[in-house]
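The structure appears right after this line, and notes come after that.
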Amino acid sequence: MRQIIEGSHAVAEAVRLSRPQVIAAYPITPQTHIVERLAEMVADGELNGEYITVESEFSALSACLGASAAGSRVYSATTSQGLALMFEVCFNVAGMRLPILMTIANRSLSAPLSIWNDQQDSISLRDSGWLQFYAEDNQEAMDLHFIAYRVMEDHRILLPAFVCFDGFILTHTYEPVDVPTQDEIDTYLPAFTPYQKLDAQNPLSFGMYATPEYYMEFRYMIDQAMQRSKDVIGKAGREFGEQFGRDYSSLVEEYRMEDAETAVVAMGSVCGTIKDSIDEMRKKGKRVGLLKIRTYRPFPIEEVKKSLQSASTVAVMDKNISLGSRGAVGLEVKDALFGSDISIYDYIVGLGGRDIRKKDVAAIVDLAEKGEGNLFYGLHEEVL
Amino acid sequence: MVERDIELLECGHRACAGCGLAMAARLMLKAVGKDVIIVSATGCMEVFSTPYPETAWKVPWIHSLFENAAGVGSGIEASLRRQGRSEKVVIIGGDGATFDIGIQCISGAFERGHDITYICYDNEAYMNTGIQRSGATPYDASTTTSPAGKHSFGNTRPKKDLPAIMAAHGSPYVATATIAFPMDMMKKIERAVATKGPCYVQVHSPCATGWGFESDQTMTIGKLAVESGLWVNFEMVNGEVTRVKKVVRKPVEEYLITQKRFRHLFRPVRQEEEIAKIQAYADRNAEKFSLDIKQQKK
């Protein structure tokens, strides 16, 4: 049913429909509206799950780890400092191959303290073994939760996942969202069947340490699962499209890329602004397109290469910075296009919630076409 | 009921000879039985029992990190409750994982009232990393980060009173025990597991390697800790002390002199003042818990 609801509430609806058995979360801006709504759902009996009000994000993910290992479908949500506090647990969850879903309401990291949006938090966990999905709008944010559960819990994958959506820009924005019915989701997403679980009837040891003889093989197997997940995501996304009419069969989305000479690459809500800006530029005769990266882990290297191969110039907009190097997405796009003669430029944009407007996108396209890039875009020179 | 014949910790694990906490684990499992899920913090217990692909545990067992065992246990308990399952959740951690790095997770789990039992095997220092001091290290013990030296008698602080902190959380059952009194220890663990809500048992577990004594002395030293009044075995129900192991007290130096960690108090010169301070800790325990058995004059 089509409803006009806040992004956080759309996510809460997606969680409710996914029937998690255990939720453990700690409040942090701008994730709070998700966990508040879930608490209301539990209080009203609309969501039949255990809701653990932990004392920290560290315990939130630790409790999810235990609950998942004991055989329940679990859920958490966090952002920014909370995710940073979970750092150690994040690597541990992936290493133990526990399919835990966490929504990330993307927010910048301190210092300086900022509650506003960029994507530094989840990108900083790129090496942890979690699948990472980025949503452009609230419908996509909602849909990606169902797809993520399907993919993670597949016994060929067994990895945790972040569904990332931009803090405030999406979390606190009301948009029309098509909310599936419980029957529809029950058809799409079967009940969780753990591959292994803590069980007195079948005692197993979980989380043993590995000597140098075994450690590398464990890491290799996680990476193999990541690689396998590309096909599983494609299939889950295609079947979602067949049932709900919104297709997610590709790990990327192309917008007006068919004859584009200049391609913009980005992730998350800024893609909506970029699409509008491209429409305006197209009207003026510029051949510009967008490559939206929906799945950052696994990184869709083949799709990126295929999509950008006909462009002559690529402008990557990164809402993060690997300090001392460049934006994380830009680096990977350059890796994907290694050996080509395409000019690739990276632009650090929107850190700490700075707005990115249509005219900024047009300005970045102009800079790229002039050969100026690999810079922080839109700095206030007067305060430097 | 404690099943004396049941063995749920397989032999062949890699604990040191005379390891107090290997005894603690074996005895604990006799008390909790098979219908249990064990959560282990990083530490000696985890390392000696589970080098992949071998395990000594015949019950379901999970290790995640050093400081999050109580958080993991909280999630398991909620998960089992939601699934309508019967297993008990028993969390085990050393004194470093319990007194220091994991105390926030433990505090949260106890405040929330999960139906869990937390057992601290207390060997009074970070043994797994090479005998560094913790919040459980006793006064004047020499460790690798609190070494006795020309200007130091070792650890400068007394042991943290963690049972009191756990009782202050409203825990329905808090107890201290030692592997030197196995039946008492097993009964307390059995009672903790049978009590609904978050319960805490702290088990004195002498460490031959870290404390410096011969591996056949573990039980003797465990008993001396109680007999000297430096370790008190008691039970607290709903915050009130209900039972205390009374003793005919021995001077603390009979306990101290058995261990290399206190050797600097006796050699090269006897440190009367320091020994007197440690005796005063034991005397305070004796007064607080009415430890002394009054001997009848003949």
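Each chain in the structure tokens gets a letter, A, B and so on, in the order shown; residues start at 1 in every chain, and ligands are counted from 1 in the order they appear.
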Could you give me the residues within segment 1-135 of chain A that DSSP places in strand (DSSP E or B), as a short mmCIF file (atom, residue, chain, number, x, y, z; two decimals) with N, CA, C and O atoms, in the first residue's frame?
data_model
loop_
_atom_site.label_atom_id
_atom_site.label_comp_id
_atom_site.auth_asym_id
_atom_site.auth_seq_id
_atom_site.Cartn_x
_atom_site.Cartn_y
_atom_site.Cartn_z
N ARG A 2 0.50 2.21 -0.84
CA ARG A 2 1.30 3.41 -0.95
C ARG A 2 1.00 4.36 0.22
O ARG A 2 -0.16 4.68 0.47
N GLN A 3 2.05 4.72 0.94
CA GLN A 3 1.87 5.61 2.09
C GLN A 3 2.91 6.72 2.04
O GLN A 3 3.99 6.51 1.50
N ILE A 4 2.56 7.86 2.63
CA ILE A 4 3.58 8.92 2.75
C ILE A 4 4.11 8.85 4.18
O ILE A 4 3.41 9.22 5.14
N ILE A 5 5.30 8.32 4.30
CA ILE A 5 5.88 8.13 5.65
C ILE A 5 7.34 8.56 5.68
O ILE A 5 7.99 8.71 4.65
N GLU A 6 7.81 8.76 6.90
CA GLU A 6 9.20 9.16 7.09
C GLU A 6 10.13 7.99 6.74
O GLU A 6 9.77 6.84 6.95
N VAL A 22 15.01 -11.22 17.28
CA VAL A 22 15.71 -10.45 18.30
C VAL A 22 16.20 -9.14 17.67
O VAL A 22 16.79 -9.13 16.59
N ILE A 23 15.94 -8.04 18.38
CA ILE A 23 16.45 -6.72 18.00
C ILE A 23 17.27 -6.21 19.18
O ILE A 23 16.82 -6.29 20.32
N ALA A 24 18.46 -5.72 18.91
CA ALA A 24 19.25 -5.08 19.96
C ALA A 24 19.81 -3.80 19.36
O ALA A 24 20.48 -3.85 18.33
N ALA A 25 19.51 -2.67 19.99
CA ALA A 25 19.96 -1.40 19.42
C ALA A 25 20.14 -0.36 20.51
O ALA A 25 19.57 -0.48 21.60
N GLU A 50 12.04 -10.21 20.59
CA GLU A 50 12.67 -9.70 21.81
C GLU A 50 13.42 -8.43 21.46
O GLU A 50 14.19 -8.39 20.48
N TYR A 51 13.20 -7.38 22.22
CA TYR A 51 13.86 -6.10 21.97
C TYR A 51 14.78 -5.82 23.15
O TYR A 51 14.31 -5.60 24.27
N ILE A 52 16.10 -5.88 22.93
CA ILE A 52 17.05 -5.70 24.02
C ILE A 52 17.55 -4.26 24.01
O ILE A 52 18.19 -3.81 23.05
N THR A 53 17.25 -3.54 25.09
CA THR A 53 17.69 -2.13 25.18
C THR A 53 19.06 -2.11 25.84
O THR A 53 19.20 -1.92 27.04
N VAL A 74 18.04 -11.65 13.36
CA VAL A 74 18.28 -10.49 14.23
C VAL A 74 18.43 -9.21 13.42
O VAL A 74 18.66 -9.24 12.21
N TYR A 75 18.30 -8.10 14.13
CA TYR A 75 18.37 -6.79 13.49
C TYR A 75 18.95 -5.75 14.45
O TYR A 75 18.71 -5.79 15.65
N SER A 76 19.71 -4.83 13.88
CA SER A 76 20.14 -3.65 14.63
C SER A 76 20.26 -2.47 13.68
O SER A 76 20.17 -2.63 12.45
N ALA A 77 20.43 -1.29 14.25
CA ALA A 77 20.62 -0.08 13.45
C ALA A 77 21.55 0.85 14.21
O ALA A 77 21.49 0.92 15.44
N THR A 78 22.38 1.55 13.47
CA THR A 78 23.27 2.52 14.12
C THR A 78 23.79 3.50 13.08
O THR A 78 23.29 3.57 11.96
N LEU A 101 21.62 -8.24 10.02
CA LEU A 101 21.31 -7.04 9.22
C LEU A 101 21.34 -5.80 10.10
O LEU A 101 20.76 -5.78 11.19
N MET A 102 22.02 -4.79 9.60
CA MET A 102 22.10 -3.54 10.33
C MET A 102 21.83 -2.38 9.36
O MET A 102 22.44 -2.31 8.30
N THR A 103 20.92 -1.50 9.75
CA THR A 103 20.70 -0.29 8.97
C THR A 103 21.69 0.76 9.45
O THR A 103 21.84 0.96 10.66
N ILE A 104 22.33 1.43 8.50
CA ILE A 104 23.23 2.52 8.84
C ILE A 104 22.60 3.82 8.36
O ILE A 104 22.40 3.99 7.15
N ALA A 105 22.27 4.70 9.29
CA ALA A 105 21.74 6.03 8.95
C ALA A 105 22.96 6.95 8.78
O ALA A 105 23.34 7.65 9.72
N ASN A 106 23.55 6.91 7.62
CA ASN A 106 24.89 7.49 7.42
C ASN A 106 25.08 8.88 8.02
O ASN A 106 24.30 9.79 7.78
N LEU A 131 28.43 -7.09 3.70
CA LEU A 131 27.85 -6.58 2.46
C LEU A 131 27.43 -5.14 2.73
O LEU A 131 26.98 -4.83 3.83
N GLN A 132 27.57 -4.27 1.73
CA GLN A 132 27.14 -2.87 1.92
C GLN A 132 26.27 -2.45 0.76
O GLN A 132 26.71 -2.43 -0.40
N PHE A 133 25.01 -2.10 1.10
CA PHE A 133 24.07 -1.56 0.11
C PHE A 133 23.82 -0.09 0.42
O PHE A 133 23.71 0.28 1.59
N TYR A 134 23.69 0.74 -0.62
CA TYR A 134 23.41 2.17 -0.44
C TYR A 134 22.12 2.52 -1.17
O TYR A 134 21.98 2.21 -2.36
#
Need to verify the contact set: Tyr139 of chain B, 6 Å, only C-alpha atoms, exclusion of same-chain residues closer than 2 positions in sequence. Can you return it as a ChimeraX atom specification? /B:141,155-158
Could the residues in this selection be written to a file with C-alpha atoms, as a PDB file, in the first residue's frame?
ATOM      1  CA  ALA B 141      51.531  -8.959  44.271  1.00  0.00           C
ATOM      2  CA  ASN B 155      50.749  -3.928  42.990  1.00  0.00           C
ATOM      3  CA  THR B 156      49.835  -0.726  44.825  1.00  0.00           C
ATOM      4  CA  ARG B 157      46.082  -1.248  45.122  1.00  0.00           C
ATOM      5  CA  PRO B 158      43.866  -3.797  46.877  1.00  0.00           C
TER       6      PRO B 158
END
Write out as number ranges by chain every residue belonging to chain A that has an atom at most 6 Å from any atom of chain B, counting only C-alpha atoms. A: 55, 59, 62-64, 66-67, 70, 72, 198, 200, 203-210
Distance of atom CA of Tyr347 of chain A from atom CA of Thr313 of chain A, expressed in Å to one decimal place: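 According to the coordinates, atom CA of Thr313 of chain A and atom CA of Tyr347 of chain A are separated by 13.3 Å.
Residues lying within 7 Å of Leu224 of chain B, counting only C-alpha atoms and ignoring same-chain neighbours fewer than 4 positions away, are Thr220, Ser228 and Tyr255 of chain B.
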Nearest to Tyr296 of chain A among A:Asp127, A:Glu381, A:Asp178, A:Glu57, with distances taken over only C-alpha atoms: which residue is it? A:Asp127
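Using only C-alpha atoms, the contacts of Gln81 of chain A at a cut-off of 10 Å, with sequence neighbours closer than 4 positions omitted, comprise Ile28, Thr29, Glu57, Leu85, Met86, Phe87, Arg107, Ser108, Leu109, Ser110, Leu113, Ile115 and Asp121 of chain A.
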How would the residues just picked look written out with C-alpha atoms as a PDB file, in the first residue's frame?
ATOM      1  CA  ILE A  28      21.982   7.591  18.248  1.00  0.00           C
ATOM      2  CA  THR A  29      21.048  10.519  16.026  1.00  0.00           C
ATOM      3  CA  GLU A  57      26.323  -0.050  20.492  1.00  0.00           C
ATOM      4  CA  LEU A  85      32.245   1.592  18.701  1.00  0.00           C
ATOM      5  CA  MET A  86      31.138  -1.639  17.001  1.00  0.00           C
ATOM      6  CA  PHE A  87      34.285  -1.866  14.900  1.00  0.00           C
ATOM      7  CA  ARG A 107      26.525  10.264   9.443  1.00  0.00           C
ATOM      8  CA  SER A 108      29.971  11.838   9.652  1.00  0.00           C
ATOM      9  CA  LEU A 109      32.564  10.915  12.268  1.00  0.00           C
ATOM     10  CA  SER A 110      33.946  13.120  15.057  1.00  0.00           C
ATOM     11  CA  LEU A 113      31.474  16.408  16.250  1.00  0.00           C
ATOM     12  CA  ILE A 115      25.439  14.818  13.487  1.00  0.00           C
ATOM     13  CA  ASP A 121      31.095   5.718   8.855  1.00  0.00           C
TER      14      ASP A 121
END
Alpha helix (DSSP H) positions in segment 38-270 of chain B, given as a VMD selection string: chain B and resid 44 to 49 69 to 83 95 103 to 112 162 to 168 182 to 194 218 to 227 252 to 256
Considering only C-alpha atoms, state which residue in the set A:Pro212, A:Pro298, A:Gly378, A:Gly49 is at the smallest distance from Arg126 of chain A. A:Pro298
Give me, as a PyMOL selection string, all polymer residues having an atom no more than 12 Å from Arg4 of chain B, counting only C-alpha atoms and skipping those fewer than 2 positions away in the same chain. chain B and resi 1-2+6-8+26-33+182-183+186-187
Selection above as a file: C-alpha atoms, as a JSON list (two decimals), in the first residue's frame:
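Result file follows (result37.json):
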[["chain", "number", "residue", "atom", "x", "y", "z"],
["B", 1, "MET", "CA", 21.79, -31.97, 41.03],
["B", 2, "VAL", "CA", 25.56, -32.02, 40.75],
["B", 6, "ILE", "CA", 29.72, -36.56, 34.23],
["B", 7, "GLU", "CA", 32.76, -35.23, 32.31],
["B", 8, "LEU", "CA", 31.94, -32.45, 29.84],
["B", 26, "ARG", "CA", 35.58, -29.25, 34.79],
["B", 27, "LEU", "CA", 33.78, -28.83, 38.12],
["B", 28, "MET", "CA", 31.51, -26.11, 36.77],
["B", 29, "LEU", "CA", 30.25, -28.39, 34.00],
["B", 30, "LYS", "CA", 29.44, -31.11, 36.55],
["B", 31, "ALA", "CA", 27.23, -28.53, 38.25],
["B", 32, "VAL", "CA", 25.50, -27.07, 35.17],
["B", 33, "GLY", "CA", 25.08, -30.30, 33.14],
["B", 182, "PRO", "CA", 34.93, -28.36, 45.10],
["B", 183, "MET", "CA", 31.59, -29.46, 46.54],
["B", 186, "MET", "CA", 29.63, -26.83, 42.52],
["B", 187, "LYS", "CA", 26.66, -26.31, 44.84]]
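Reported to one decimal place, the separation of atom CA of Thr218 of chain B from atom CA of Gln279 of chain B is 21.8 Å.
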Quick one: everything within 8 Å of Ser18 of chain A, counting only C-alpha atoms, minus sequence neighbours fewer than 6 positions away in the same chain. Send it as a compact mmCIF listing (two decimals) with C-alpha atoms, in the first residue's frame.
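around-v7.txt, written as the output of this step:
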# COMPACT_ATOMS: atom_id res chain seq x y z
CA PHE A 146 14.21 -7.67 2.22
CA TYR A 149 17.97 -10.77 4.41
CA ILE A 185 6.98 -10.50 2.21
CA ASP A 186 6.38 -13.95 3.68
CA LEU A 189 11.46 -13.95 2.43
Between atom CA of Val203 of chain B and atom CA of Asn123 of chain B, what is the distance, to one decimal in Å?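 If I compute the distance from atom CA of Val203 of chain B to atom CA of Asn123 of chain B, I get 8.5 Å.
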Any idea what's packed within 8 Å of Ile179 of chain B, counting only C-alpha atoms, ignoring anything in its chain fewer than 6 positions away? Could you give it as a PDB file with C-alpha atoms, in the first residue's frame?
ATOM      1  CA  GLY B  20      43.240 -23.886  38.766  1.00  0.00           C
ATOM      2  CA  MET B  23      39.689 -27.563  37.442  1.00  0.00           C
ATOM      3  CA  ALA B  24      37.122 -24.781  37.716  1.00  0.00           C
ATOM      4  CA  MET B 185      31.838 -24.464  44.512  1.00  0.00           C
ATOM      5  CA  VAL B 203      35.826 -18.558  41.733  1.00  0.00           C
ATOM      6  CA  HIS B 204      39.301 -18.291  43.219  1.00  0.00           C
ATOM      7  CA  SER B 205      41.501 -20.198  40.742  1.00  0.00           C
ATOM      8  CA  MET B 219      44.566 -27.081  46.129  1.00  0.00           C
ATOM      9  CA  GLY B 222      43.506 -22.412  47.420  1.00  0.00           C
TER      10      GLY B 222
END
Of the candidates A:Val361, A:Ile100, A:Val151, A:Met142, which shows the shortest atom-to-atom distance to Gly234 of chain A, using only C-alpha atoms?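 Ranked by minimum distance to Gly234 of chain A, first place goes to A:Val151.
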